[in-house]
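Asker: Here's a structure for you.
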Amino acid sequence: MRYLKTSEAAALLNVSPNTLRAWERRFGFPKPQRSPGKHRLFTHGEVAALRDALQEGLSISSAISRAREGLAADANSLVGALASYDRERADSAIEAALALRSVERSVEEVLLPTLDEISRRYSVESAAWAFAAHWATDWLRRAIRLTPPPVRPVSIVVGDASRDELDRDAPYIRALELFCVRAGIKVLSLSARGVAGIGDAANVHRPNLVVVAGGHLDDDTVARWAYAIRLAVGAMPLAIYRRGADRPRTRGTGTTVLPSGAGDAQRILLDLLESDHVAATPSASAAAVSARAQIRSVGGFQ
Amino acid sequence: MVSTTGLNGRPALRLVVAPELEPAAPSVTFCSHCGTRPPVSATSANTPGSRVCGSCGLGLLIEATEGVAPQAGDAFLVLDRALSVCAVSRGAERLLATSEPDVVNRHVSDLLMPADAEEDGAESLSVAVAWAARGDGGIRTTVVRPANTFGIRLTARIAGCGPPRAALLVLE
């Protein structure tokens with residue numbers, strides 16, 4: 001994936017950087033990502049598609065519409081490949097998408113919409129969905145494995161409350177994990193069914209935040225799992241992801257409800273992790289607790 | 001070229017001077033969004049070779065004949081052969097209370113309806129646009145109204161423009 005700075009993208013399009021920023025405001029395209037220094041980074045594929053469309057266009061809007069259509073063709077070809085059970089074609093389609101977009105945008109704009117389309121068109125009980133969900137989960141897990149080791153000093157535990165890989169939420173959960181790993185966060189993903197030994201896992205991983213993702217498991221099961229982690233490493237922020245916005249909740253717990261889009265959810269998680277509330281690491285909290293306990297044991301103040 | 005008979009009795013071709021053609025109407029370049037006509041020396045203020053308007057940065061430079069090309073700030077639309085909206089000028093956005101990104105690729109009837117009582121029917125606008133987008137010369141005039149408003153009549157001047165070939169509909 002090749003990225004262009006604003007000046008480079010503007011030069012490729014034969015316009016000024018101000019014009020490019022004006023297009024971003026008015027049309028939302030080309031849509032840049034941000035570098036760690038908050039500078040715009042445009043994907044070369046998007047800019048090249050727009051440059052070609054501008055040659056044939058009658059307005060910026062129509063050129064952008066044409067460029068978007070060209071980029072949307074990737075999703076259509078992936079739908080076709082998965083609906084015809086053709087793994088190689090599906091791999092080629094997602095590779096084509098990756099040539100024009102970042103991994104995050106390929107997942108958000110091509111892979112996940114494709115799965116939504118297949119589940120809508122054939123239902124989640126269909127063989128087409130089983131094939132598509134398996135392929136997507138496999139692809140996302142492979143992408144997670146290929147991601148460089150985490151660089152941020154933060155980690156999360158994801159409690160997977162989905163049914164299995166055929167659950168409609170499962171690819172979104174894998175996508176969130178992928179985005180977090182690619183953002184440099186250490187991620188431990190475990191089924192929320194497994195309570196036994198969860199304390200050991202949490203002690204090894206020392207999470208800064210817990211995410212409960214998926215809506216299949218009932219609240220009691222999920223609460224037992226979250227409580228087991230809390231017992232092991234102390235209280236910490238909890239976020240829930242794709243757990244059903246309409247699920248009745250009897251009391252507010254201060255839990256953060258993440259948006260259903262994997263990219264938006266990852267951004268909010270990053271904000272949560274970087275906020276002062278979470279900045280205090282669990283090990284520091286634990287040290288404070290143990291120090292307080294020592295003070296009590298030697299008869300100090302309370 | 002005209003045909004004559006050669007030495008062997010078979011037709012032969014020879015070059016002749018072309019008859020004096022009627023001078024083509026001068027064409028002018030304008031922005032498909034703001035209608036500004038850039039100076040001839042500087043087609044685009046962005047960078048040389050760019051079709052993007054250097055004045056507003058939100059339109060592409062296209063050509064039309066002098067008699068039909070809009071002035072800066074005029075309300076006009078650019079439509080293709082399928083009668084789809086390709087461009088909406090800033091003046092037309094204000095006049096029709098819309099925004100170009102919202103209506104691009106939509107049918108012209110979503111924005112304008114024929115309102116000429118003396119015409120045969122709804123075909124007048126469609127025929128004029130299709131005719132202009134096909135590249136036939138000349139200017140046609142019809143009366144239209146905003147699709148969602150009654151009681152307002154606007155004169156529409158319709159002629160070809162491009163590239164690529166399209167119909168220019170200027171509201172007066």
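Residue names in the structure tokens use chain letters A, B, ... in the order shown, residue numbers from 1 in each chain, and ligand numbers from 1 in the order shown.
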Please tabulate, as a Markdown table, the residues of chain A that come within 7 Å of chain B, each with its closest pair of atoms and the distance in Å to one decimal, counting only C-alpha atoms and ordering rows by chain, then residue number upward.
Answerer:
```
| residue | atom | partner | partner_atom | distance |
| --- | --- | --- | --- | --- |
| A:Asn14 | CA | B:Ser50 | CA | 5.4 |
| A:Val15 | CA | B:Asn46 | CA | 4.9 |
| A:Ser16 | CA | B:Asn46 | CA | 5.6 |
| A:Thr19 | CA | B:Gly57 | CA | 5.4 |
| A:Phe27 | CA | B:Pro101 | CA | 6.8 |
| A:Glu56 | CA | B:Pro164 | CA | 6.3 |
| A:Leu58 | CA | B:Cys86 | CA | 6.1 |
| A:Ser59 | CA | B:Leu60 | CA | 5.1 |
| A:Ile60 | CA | B:Gly59 | CA | 5.5 |
| A:Ser61 | CA | B:Pro101 | CA | 5.6 |
| A:Ser62 | CA | B:Cys86 | CA | 5.6 |
```
Asker: Please produce an output containing C-alpha atoms for each residue in the selection, written as an mmCIF file, in the first residue's frame.
Answerer:
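Output file selection_4.cif follows:
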```
data_model
loop_
_atom_site.group_PDB
_atom_site.id
_atom_site.type_symbol
_atom_site.label_atom_id
_atom_site.label_comp_id
_atom_site.auth_asym_id
_atom_site.auth_seq_id
_atom_site.Cartn_x
_atom_site.Cartn_y
_atom_site.Cartn_z
ATOM 1 C CA ASN A 14 -2.696 18.648 -10.801
ATOM 2 C CA VAL A 15 -4.383 20.777 -8.155
ATOM 3 C CA SER A 16 -3.243 22.798 -5.194
ATOM 4 C CA THR A 19 -8.140 22.457 -3.427
ATOM 5 C CA PHE A 27 -17.192 15.622 -0.958
ATOM 6 C CA GLU A 56 -13.532 12.124 -18.265
ATOM 7 C CA LEU A 58 -17.990 17.065 -16.191
ATOM 8 C CA SER A 59 -17.767 18.043 -12.550
ATOM 9 C CA ILE A 60 -15.785 17.131 -9.474
ATOM 10 C CA SER A 61 -18.886 15.449 -8.038
ATOM 11 C CA SER A 62 -19.395 13.214 -11.051
#
```
Asker: Select from stretch 7-202 of chain A everything DSSP, run on the backbone, classes as strand (DSSP E), then give the selection as a ChimeraX atom specification.
Answerer: /A:33-34,40-43,155-160,186-191
Asker: Neighbouring residues of B:Ser27 were defined as those with any atom within 10 Å, considering only C-alpha atoms; residues of the same chain fewer than 4 positions away were excluded. Please report them as a PyMOL selection string.
Answerer: chain B and resi 62-69+161
Asker: Keeping C-alpha atoms, export the residues of the selection given above as a compact mmCIF listing (two decimals), in the first residue's frame.
Answerer:
```
# COMPACT_ATOMS: atom_id res chain seq x y z
CA ILE B 62 -15.68 22.68 -19.98
CA GLU B 63 -16.48 24.43 -23.24
CA ALA B 64 -19.61 25.73 -24.87
CA THR B 65 -20.35 28.21 -27.60
CA GLU B 66 -20.19 31.86 -26.71
CA GLY B 67 -23.91 32.36 -27.07
CA VAL B 68 -24.90 29.73 -24.56
CA ALA B 69 -22.01 29.58 -22.09
CA CYS B 161 -21.07 21.43 -24.11
```
Asker: Which residues come within 9 Å of B:Asp74, counting only C-alpha atoms, excluding same-chain residues fewer than 2 positions away, as a list in words?
Answerer: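 Non-adjacent residues within range: Cys34, Gly35, Pro70, Gln71, Ala72, Phe76, Ser89, Arg90, Gly91, Ala92, Val170, Leu171 and Glu172 of chain B.
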